[in-house]
Structures are given as structure tokens and as C-alpha cells.
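Asks: Next up, target.csv (CSV, C-alpha atoms).
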chain,number,residue,atom,x,y,z
A,17,MET,CA,3.3,-0.5,72.6
A,18,PRO,CA,7.1,0.0,72.3
A,19,ASP,CA,8.2,3.1,70.4
A,20,GLY,CA,9.9,1.0,67.6
A,21,GLN,CA,6.7,-1.0,66.9
A,22,GLN,CA,4.6,2.1,67.0
A,23,GLU,CA,6.9,3.8,64.6
A,24,ASP,CA,6.9,0.8,62.2
A,25,ARG,CA,3.1,0.8,62.3
A,26,THR,CA,2.9,4.5,61.6
A,27,THR,CA,5.4,4.1,58.7
A,28,ALA,CA,3.3,1.3,57.2
A,29,CYS,CA,0.1,3.4,57.6
A,30,LEU,CA,1.9,6.3,56.0
A,31,LYS,CA,2.8,4.2,52.9
A,32,GLN,CA,-0.7,2.9,52.6
A,33,ALA,CA,-2.2,6.4,53.0
A,34,VAL,CA,0.1,7.8,50.3
A,35,GLN,CA,-1.3,5.1,48.0
A,36,GLY,CA,-4.8,6.3,48.7
A,37,ASP,CA,-5.9,4.1,51.6
A,38,ALA,CA,-8.4,6.2,53.6
A,39,THR,CA,-8.5,3.8,56.5
A,40,ALA,CA,-4.7,4.1,56.9
A,41,PHE,CA,-5.0,7.9,56.8
A,42,ALA,CA,-7.8,7.7,59.4
A,43,SER,CA,-5.5,5.8,61.8
A,44,LEU,CA,-2.8,8.4,61.3
A,45,VAL,CA,-5.3,11.0,62.3
A,46,ALA,CA,-6.4,9.0,65.3
A,47,GLU,CA,-2.8,8.5,66.4
A,48,HIS,CA,-1.9,12.2,66.2
A,49,GLN,CA,-5.1,14.0,66.9
A,50,ALA,CA,-4.5,14.4,70.6
A,51,MET,CA,-1.1,16.1,70.0
A,52,VAL,CA,-2.4,18.5,67.3
A,53,PHE,CA,-5.7,19.3,69.1
A,54,SER,CA,-3.9,19.8,72.5
A,55,ILE,CA,-1.4,22.2,71.0
A,56,ALA,CA,-4.3,24.2,69.6
A,57,LEU,CA,-6.4,23.9,72.7
A,58,HIS,CA,-3.7,25.0,75.1
A,59,TYR,CA,-2.6,27.8,72.9
A,60,LEU,CA,-6.0,29.1,71.9
A,61,GLN,CA,-8.0,28.1,75.0
A,62,ASP,CA,-11.1,27.6,72.9
A,63,ARG,CA,-12.3,24.1,72.2
A,64,SER,CA,-14.2,24.8,68.9
A,65,LEU,CA,-11.4,27.0,67.5
A,66,ALA,CA,-8.9,24.3,68.5
A,67,GLU,CA,-10.9,21.6,66.7
A,68,ASP,CA,-11.2,23.8,63.6
A,69,VAL,CA,-7.4,24.4,63.5
A,70,ALA,CA,-6.7,20.7,64.1
A,71,GLN,CA,-9.0,19.7,61.3
A,72,GLU,CA,-7.3,22.2,59.0
A,73,VAL,CA,-3.9,20.8,59.9
A,74,PHE,CA,-5.0,17.3,59.0
A,75,LEU,CA,-6.6,18.5,55.7
A,76,GLU,CA,-3.2,20.1,54.9
A,77,LEU,CA,-1.5,16.8,55.8
A,78,TYR,CA,-3.8,15.0,53.4
A,79,GLN,CA,-2.8,17.4,50.6
A,80,ASN,CA,0.9,17.1,51.4
A,81,LEU,CA,1.0,13.4,52.3
A,82,SER,CA,3.5,12.5,49.5
A,83,THR,CA,6.1,14.9,51.0
A,84,ILE,CA,6.2,13.0,54.3
A,85,GLU,CA,9.2,10.7,54.5
A,86,SER,CA,8.9,8.9,57.8
A,87,ALA,CA,7.0,8.6,61.1
A,88,GLY,CA,9.4,11.1,62.8
A,89,HIS,CA,9.0,13.5,59.9
A,90,LEU,CA,5.2,13.2,60.2
A,91,THR,CA,5.3,14.2,63.9
A,92,TYR,CA,7.6,17.1,63.2
A,93,TRP,CA,5.5,18.2,60.2
A,94,LEU,CA,2.3,18.1,62.2
A,95,ARG,CA,3.8,20.0,65.2
A,96,ARG,CA,5.3,22.6,62.9
A,97,VAL,CA,2.1,23.2,60.9
A,98,ALA,CA,-0.1,23.1,64.1
A,99,VAL,CA,2.2,25.7,65.7
A,100,HIS,CA,2.0,28.1,62.8
A,101,ARG,CA,-1.7,27.7,62.2
A,102,CYS,CA,-2.3,28.4,65.9
A,103,ILE,CA,-0.2,31.5,65.9
A,104,ASP,CA,-2.0,32.7,62.7
A,105,GLN,CA,-5.4,31.9,64.3
A,106,GLY,CA,-4.4,33.6,67.6
A,107,ARG,CA,-3.4,36.8,65.7
A,108,ARG,CA,-6.7,36.8,63.9
A,109,ARG,CA,-8.6,36.4,67.1
A,110,ASN,CA,-6.4,38.7,69.1
A,111,THR,CA,-7.8,37.8,72.5
A,112,ARG,CA,-4.8,38.4,74.6
A,113,ARG,CA,-5.9,39.2,78.1
A,114,GLU,CA,-2.5,40.2,79.5
A,115,SER,CA,-3.4,43.8,80.1
A,116,ALA,CA,-6.5,42.7,82.1
A,117,LEU,CA,-4.3,40.8,84.6
A,118,GLU,CA,-1.9,43.7,85.1
A,119,GLY,CA,-4.1,45.5,87.5
A,120,LEU,CA,-4.8,42.6,89.8
A,121,PRO,CA,-3.8,42.9,93.5
A,122,GLU,CA,-0.8,41.1,95.0
A,123,PRO,CA,-1.7,38.2,97.3
A,124,ALA,CA,-1.1,38.2,101.0
A,125,VAL,CA,-0.4,34.5,101.5
A,126,GLN,CA,0.9,31.8,99.1
A,127,ASN,CA,-1.2,28.8,98.3
A,128,ALA,CA,-0.3,25.1,98.4
A,129,PRO,CA,0.7,23.9,94.9
A,130,ALA,CA,-0.7,21.0,92.8
A,131,ASP,CA,-4.4,21.2,93.3
A,132,PRO,CA,-7.2,21.3,90.8
A,133,LEU,CA,-7.6,24.9,91.3
A,134,LEU,CA,-4.0,25.6,90.6
A,135,LEU,CA,-4.0,23.5,87.4
A,136,GLY,CA,-7.1,25.4,86.2
A,137,LYS,CA,-5.6,28.8,87.0
A,138,LEU,CA,-2.3,27.8,85.4
A,139,ARG,CA,-4.1,27.1,82.1
A,140,GLN,CA,-5.9,30.5,82.4
A,141,VAL,CA,-2.8,32.5,83.1
A,142,LEU,CA,-1.1,30.8,80.3
A,143,GLU,CA,-3.5,32.5,77.9
A,144,ALA,CA,-2.2,35.9,79.2
A,145,LEU,CA,1.3,35.2,78.0
A,146,PRO,CA,2.5,36.7,74.7
A,147,GLU,CA,2.0,34.4,71.7
A,148,LYS,CA,5.6,33.1,71.3
A,149,GLN,CA,6.1,32.6,75.0
A,150,ARG,CA,2.8,30.7,75.3
A,151,MET,CA,3.7,28.5,72.4
A,152,MET,CA,7.1,27.8,73.9
A,153,VAL,CA,5.5,26.8,77.2
A,154,VAL,CA,3.0,24.5,75.4
A,155,LEU,CA,5.7,22.8,73.4
A,156,ARG,CA,8.0,22.5,76.4
A,157,TYR,CA,5.5,21.1,78.9
A,158,GLN,CA,2.9,19.5,76.7
A,159,GLU,CA,5.1,18.0,74.1
A,160,ASP,CA,8.2,17.7,76.3
A,161,LEU,CA,10.4,19.2,73.6
A,162,GLY,CA,13.9,20.5,74.4
A,163,PRO,CA,14.9,24.1,73.7
A,164,ALA,CA,16.7,23.1,70.5
A,165,GLU,CA,13.6,21.4,69.1
A,166,ILE,CA,11.4,24.4,70.0
A,167,ALA,CA,14.0,26.7,68.4
A,168,GLU,CA,13.8,24.7,65.2
A,169,LEU,CA,10.0,24.7,65.2
A,170,LEU,CA,9.7,28.4,65.9
A,171,ARG,CA,12.8,29.3,63.8
A,172,MET,CA,14.5,31.1,66.7
A,173,PRO,CA,18.0,30.9,68.3
A,174,VAL,CA,18.3,28.3,71.0
A,175,ASN,CA,19.5,30.8,73.6
A,176,THR,CA,16.5,33.1,72.9
A,177,VAL,CA,14.2,30.1,73.5
A,178,LYS,CA,16.0,29.3,76.8
A,179,SER,CA,15.8,32.8,78.1
A,180,THR,CA,12.2,33.3,77.0
A,181,LEU,CA,11.2,30.0,78.7
A,182,HIS,CA,12.8,31.2,81.9
A,183,ARG,CA,11.1,34.5,81.7
A,184,SER,CA,7.8,32.9,80.8
A,185,LEU,CA,7.9,30.8,84.0
A,186,ASP,CA,8.6,33.9,86.0
A,187,ASP,CA,5.7,35.7,84.3
A,188,LEU,CA,3.4,32.7,85.0
A,189,ARG,CA,4.4,32.7,88.7
A,190,LYS,CA,3.6,36.4,89.0
A,191,LYS,CA,0.4,36.2,87.1
A,192,LEU,CA,-0.8,33.1,89.0
A,193,THR,CA,0.0,34.8,92.3
A,194,ARG,CA,-2.1,37.8,91.3
A,195,LYS,CA,-4.9,35.5,90.1
A,196,LEU,CA,-5.0,33.4,93.3
A,197,GLY,CA,-4.8,36.6,95.3
A,198,GLU,CA,-7.9,37.8,93.6
A,199,VAL,CA,-9.7,34.5,94.4
A,200,ARG,CA,-8.7,34.8,98.0
A,201,TYR,CA,-9.9,38.3,98.3
A,202,ALA,CA,-13.2,37.3,96.6
A,203,ILE,CA,-13.7,34.4,99.1
A,204,PHE,CA,-12.8,36.3,102.3
B,14,MET,CA,3.4,31.6,93.7
B,15,PRO,CA,5.4,28.3,93.8
B,16,PHE,CA,4.4,25.7,91.2
B,17,SER,CA,6.5,22.9,89.9
B,18,GLU,CA,7.2,21.9,86.3
B,19,ASP,CA,5.1,18.8,87.0
B,20,ASP,CA,2.2,21.0,87.8
B,21,LEU,CA,2.6,22.7,84.4
B,22,ARG,CA,2.9,19.3,82.7
B,23,ASN,CA,-0.3,18.2,84.5
B,24,ALA,CA,-2.1,21.4,83.4
B,25,LEU,CA,-0.9,20.9,79.8
B,26,ARG,CA,-1.5,17.2,79.5
B,27,ARG,CA,-2.6,16.1,76.1
B,28,LYS,CA,-6.4,15.9,75.6
B,29,ASP,CA,-8.1,13.8,73.0
B,30,PRO,CA,-10.8,15.5,70.9
B,31,GLY,CA,-12.7,12.2,70.9
B,32,PRO,CA,-13.4,9.5,68.2
B,33,GLU,CA,-15.8,11.8,66.4
B,34,PHE,CA,-12.9,14.1,65.5
B,35,THR,CA,-11.4,11.5,63.1
B,36,ARG,CA,-14.8,10.9,61.5
B,37,ARG,CA,-15.2,14.6,61.0
B,38,VAL,CA,-11.8,15.0,59.4
B,39,MET,CA,-12.4,12.1,57.0
B,40,ALA,CA,-15.8,13.5,56.1
B,41,ARG,CA,-14.3,16.9,55.2
B,42,ILE,CA,-11.7,15.1,53.1
B,43,SER,CA,-14.2,13.0,51.2
B,44,GLN,CA,-16.5,16.1,50.8
B,45,GLY,CA,-13.6,18.0,49.3
B,46,GLY,CA,-12.8,15.1,47.0
B,47,ALA,CA,-16.4,14.7,45.9
B,48,GLU,CA,-16.6,18.4,45.2
B,49,ARG,CA,-13.5,18.3,43.0
B,50,GLN,CA,-14.9,15.3,41.1
B,51,ALA,CA,-18.2,17.0,40.6
B,52,GLN,CA,-16.5,20.1,39.3
B,53,ASN,CA,-14.4,18.0,36.9
B,54,ARG,CA,-17.5,16.1,35.7
B,55,LYS,CA,-19.4,19.3,35.3
B,56,GLY,CA,-16.6,20.9,33.2
B,57,ARG,CA,-16.3,17.8,30.9
B,58,PHE,CA,-20.1,17.5,30.5
B,59,SER,CA,-20.7,21.1,29.6
B,60,TRP,CA,-18.0,20.9,26.8
B,61,LEU,CA,-19.3,17.6,25.4
B,62,GLN,CA,-22.9,18.9,25.8
B,63,ALA,CA,-22.1,22.0,23.7
B,64,MET,CA,-20.6,19.9,21.0
B,65,TRP,CA,-23.6,17.6,20.9
B,66,LEU,CA,-26.2,20.3,20.9
B,67,HIS,CA,-24.6,22.5,18.2
B,68,PRO,CA,-23.0,20.1,15.7
B,69,VAL,CA,-22.8,22.5,12.7
B,70,PRO,CA,-21.0,25.4,14.5
B,71,ALA,CA,-18.8,22.8,16.2
B,72,PHE,CA,-17.9,21.3,12.8
B,73,ALA,CA,-17.3,24.8,11.3
B,74,ALA,CA,-15.1,25.7,14.3
B,75,PHE,CA,-13.2,22.4,13.8
B,76,VAL,CA,-12.7,23.1,10.0
B,77,LEU,CA,-11.6,26.7,10.7
B,78,ILE,CA,-9.0,25.5,13.3
B,79,LEU,CA,-7.8,22.9,10.8
B,80,LEU,CA,-7.5,25.5,8.0
B,81,ALA,CA,-5.7,28.0,10.2
B,82,GLY,CA,-3.3,25.2,11.3
B,83,ALA,CA,-2.6,24.2,7.7
B,84,TRP,CA,-2.1,27.9,6.6
B,85,ILE,CA,0.3,28.5,9.4
B,86,GLY,CA,2.2,25.3,8.6
B,87,TYR,CA,2.4,26.3,4.9
B,88,GLN,CA,3.7,29.8,5.8
B,89,ARG,CA,6.3,28.3,8.0
B,90,TYR,CA,7.4,25.9,5.3
B,91,GLN,CA,7.7,28.7,2.7
B,92,THR,CA,9.7,30.9,5.1
B,93,HIS,CA,12.0,28.0,5.8
B,94,GLN,CA,12.5,27.3,2.0
B,95,TRP,CA,13.2,31.0,1.2
B,96,GLU,CA,15.7,31.2,4.1
B,97,ALA,CA,17.5,28.1,2.8
B,98,GLN,CA,17.7,29.5,-0.8
B,99,VAL,CA,19.1,32.8,0.5
B,100,ARG,CA,21.7,31.0,2.5
B,101,LYS,CA,22.7,28.9,-0.5
B,102,GLN,CA,23.0,32.0,-2.8
B,103,GLN,CA,25.1,33.8,-0.2
B,104,GLN,CA,27.4,30.9,0.1
B,105,GLU,CA,27.8,30.6,-3.7
B,106,ARG,CA,28.7,34.3,-3.9
B,107,ALA,CA,31.2,34.0,-1.2
B,108,GLU,CA,32.8,31.1,-2.9
B,109,GLN,CA,33.0,32.9,-6.3
B,110,ARG,CA,34.5,36.0,-4.6
B,111,ALA,CA,37.2,33.8,-2.9
B,112,LYS,CA,38.0,32.2,-6.2
B,113,ASP,CA,38.4,35.5,-8.0
B,114,GLU,CA,40.6,36.9,-5.3
B,115,THR,CA,42.9,33.8,-5.4
B,116,ILE,CA,43.3,34.1,-9.2
B,117,LEU,CA,44.1,37.8,-8.9
B,118,ALA,CA,46.6,37.1,-6.1
B,119,LEU,CA,48.3,34.5,-8.3
B,120,ARG,CA,48.5,36.9,-11.3
B,121,ILE,CA,50.1,39.7,-9.2
B,122,THR,CA,52.6,37.2,-7.8
B,123,THR,CA,53.5,36.0,-11.3
B,124,ALA,CA,54.0,39.6,-12.5
B,125,LYS,CA,56.2,40.5,-9.5
B,126,LEU,CA,58.3,37.4,-10.0
B,127,ASN,CA,58.8,38.1,-13.7
B,128,HIS,CA,59.9,41.6,-12.8
B,129,VAL,CA,62.4,40.4,-10.3
B,130,PHE,CA,63.9,37.8,-12.7
B,131,GLN,CA,64.4,40.5,-15.3
B,132,LYS,CA,66.2,42.8,-12.8
B,133,VAL,CA,68.5,39.9,-11.8
B,134,ASN,CA,69.3,39.0,-15.4
B,135,ASN,CA,70.2,42.6,-16.4
B,136,ALA,CA,72.3,43.2,-13.3
B,137,VAL,CA,74.9,40.4,-13.8
B,138,PRO,CA,76.7,41.7,-17.0
B,139,GLU,CA,77.0,45.3,-15.6
B,140,ASP,CA,78.9,44.0,-12.5
B,141,ALA,CA,81.2,42.0,-14.7
B,142,ASN,CA,82.0,45.1,-16.8
B,143,ILE,CA,82.8,47.2,-13.7
B,144,ARG,CA,85.2,44.6,-12.4
B,145,ARG,CA,86.9,44.4,-15.8
B,146,GLU,CA,87.4,48.3,-15.9
B,147,ARG,CA,89.0,48.4,-12.4
B,148,LEU,CA,91.6,45.8,-13.4
As C-alpha cells - that is how I would like this structure written.

Replies:
Amino acid sequence: MPDGQQEDRTTACLKQAVQGDATAFASLVAEHQAMVFSIALHYLQDRSLAEDVAQEVFLELYQNLSTIESAGHLTYWLRRVAVHRCIDQGRRRNTRRESALEGLPEPAVQNAPADPLLLGKLRQVLEALPEKQRMMVVLRYQEDLGPAEIAELLRMPVNTVKSTLHRSLDDLRKKLTRKLGEVRYAIF
Amino acid sequence: MPFSEDDLRNALRRKDPGPEFTRRVMARISQGGAERQAQNRKGRFSWLQAMWLHPVPAFAAFVLILLAGAWIGYQRYQTHQWEAQVRKQQQERAEQRAKDETILALRITTAKLNHVFQKVNNAVPEDANIRRERL
């Protein structure tokens, strides 16, 4: 469906949902659940926690529905609330595993990219990034947001976002190298 | 380890939580709404129930509230009347004082003018006598 039509449909659903139409609200949830759930899943790396966070985000949306002005505002609002709820949840859980990866050995040979193993490992090493870096990578590569949009969501300067993203990719490369090196040593 | 941005996009592709997710969200919303309605109904019922079960104390409380309201209203009315009376008296006193002061000022002015006229009348013949002597 073209973006314009989709946006019109979302705006119509939004109006109906504000007037108390539960079906319209359900279709808003269905439309945006993949975005909210994936932000939580990729950030928290825990399916049940991610589902809890996503449900909380939609419950909060239901309570604040009258403040949403348009389809674009709805997407922005959901992203912003999802990001902050995930960061809160991550802090509570405190399961950063960065330190566990620090002691891993360096690899002898580099692997070929873009295979299922690589994608799985990428998701794993992402969890080892510090919280802000992890959220920036998720927003940049899951949601395809630009540095300015990420800066607005995380309330940070754009240049900080740019440099942090650059550093995050370097960190991911280093950590992935160590991780795959460990697998290689385990196999041979 | 070389990986492209597309690899990262593939790894972080959106995942749908499934159709059951929407149903669970809607269930939580309706559950929350039902709980709120039940709480409201319970609150209203307990109040009405108390009134119904104990009519005499309820009526006594109603009469007491009514009397207290009437007494407070009467007190306020009296205070208002007394303040108005005091204001009126103060205004009357101020007016009387202003009137007395004006009359006094007019009397003083009259006396001063009389004195000046007398001085002027007495002075003219003396000057004429002096001029006559010099000649």
C-alpha cells in the first residue's frame, strides 16, 4: 500500500480510536506492534521482556490517545516511549555482558560475511554494547532513522550520535571478531 | 571482522510478535477498564447502601449539615452588615469633619480680610497729612 494511503488509513483509525472505537485501536496496535516489539526485542534480547515492554507501551498509548495529533506523531510517540521504556527496563535488569566478552581471544582468520551464523552473532554482540550505543544501532539499522532523528529521540546532540554510531560499529566489529574467533577455536 | 551495514539491517529486521499480541493488549485494556468500572460501582454502592441501611443517622447527619450551613451563612451575613454599618459611620464622620474644617477656614479668611481692610483705611489719611507737612 502506498505511504499516503497508509497514513490516511492510520489517521482515520486514530480518530475513531480517540472516539472510543476498540477495533480501530486494535488495528493501530496491529500496524505498529512489529516496530515497538522489535525495538524492545533487539535492545533487550529477551522475547518475553520485549513483549511486556511493548504491551506497556500500547497501554500507555491508550491512556494518551487524545494527545496524538497525526499518523506521523503516532509513530514518533511510539518510538520515543518504546526507547525510554526499554532503557528503563534494561537498567532494571542490568544484564550487560560486555565485560564477559573482553577476555575472549583474537581470531586468526577472518570469516566470510552475510551468513546466518554472522547475523546471529551480530545480534548477540549487540547486547554487549552499552545501552545508548545499542539503542542508537537499533534505531539506525532497524528503523532506518538518520542521526538527527535519533538525536531527537534520545535527546542528544547530532554530532554525539554520529560519533557514537561510528564507535559502535567499530566496537561491534571487534567484539564479533572475538566471538567468531572463539567459535573457530571451539570447532578446531 | 568485516560486515556490511546490510548485514546489520538483516540482523535487526523487524519481527512481528504475532496476531495474539494485539489480542493480549486489547484484553489488558478491557481488563483495566472493567476494573475501573467495578471500583466506581463499588464506591457508589457502598455510599448508597450505608444511606439505605441507616436512615436515621443519615437524616440526622443531613440535618446537622443543613444547620451548620445555615449558621455559617447567618454569621457571614451579620459580619457583612456590621462592616457596612461601620463603613457608613466612618464616612459620615469624615464628611462632618470636612464640613467643620471648611467653615473654620472661611471664618479665619473673613477675619483676616477685615483686618487688612481696616489697616488700608487707616493708612490713607496719614500719608496725606505727611505730604501736606512737606509742602

Asks: Within 9 Å of range 34-45 of chain B, counting all atoms listed in the file, which residues qualify if same-chain residues fewer than 5 places away don't, as a PyMOL selection string?

Replies: (chain A and resi 38+41-43+45-46+49+67+70-72+74-75+78) or (chain B and resi 29+50)

Asks: For the residues in the current selection, export C-alpha atoms as a JSON list (two decimals), in the frame of the given file.

Replies:
[["chain", "number", "residue", "atom", "x", "y", "z"],
["A", 38, "ALA", "CA", -8.40, 6.20, 53.60],
["A", 41, "PHE", "CA", -5.00, 7.90, 56.80],
["A", 42, "ALA", "CA", -7.80, 7.70, 59.40],
["A", 43, "SER", "CA", -5.50, 5.80, 61.80],
["A", 45, "VAL", "CA", -5.30, 11.00, 62.30],
["A", 46, "ALA", "CA", -6.40, 9.00, 65.30],
["A", 49, "GLN", "CA", -5.10, 14.00, 66.90],
["A", 67, "GLU", "CA", -10.90, 21.60, 66.70],
["A", 70, "ALA", "CA", -6.70, 20.70, 64.10],
["A", 71, "GLN", "CA", -9.00, 19.70, 61.30],
["A", 72, "GLU", "CA", -7.30, 22.20, 59.00],
["A", 74, "PHE", "CA", -5.00, 17.30, 59.00],
["A", 75, "LEU", "CA", -6.60, 18.50, 55.70],
["A", 78, "TYR", "CA", -3.80, 15.00, 53.40],
["B", 29, "ASP", "CA", -8.10, 13.80, 73.00],
["B", 50, "GLN", "CA", -14.90, 15.30, 41.10]]

Asks: Using all atoms listed in the file and a cut-off of 7 Å, which residues of chain B sit close to chain A? Please list them as a VMD selection string.

Replies: chain B and resid 14 to 16 20 to 22 24 to 30 35 38 to 39 42

Asks: Measure the distance from CA of Asp187 in chain A to CA of Val99 in chain A in Å and round it to one decimal.

Replies: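 A separation of 21.4 Å between them.
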
Asks: Quick one: distance from CA of Val69 in chain A to CA of Cys102 in chain A in Å, one decimal?

Replies: 6.9 Å

Asks: Go ahead and compute the interatomic distance for CA of Thr83 in chain A and CA of Asp37 in chain A, in Å to one decimal.

Replies: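 CA of Asp37 in chain A lies at a distance of 16.2 Å from CA of Thr83 in chain A.
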
Asks: For Glu147 in chain A, list every protein, DNA or RNA residue within 9 Å, evaluated using all atoms listed in the file, and leave out those in the same chain fewer than 2 positions away; present the list as a PyMOL selection string.

Replies: chain A and resi 59+103+106-107+112+143-145+149-152
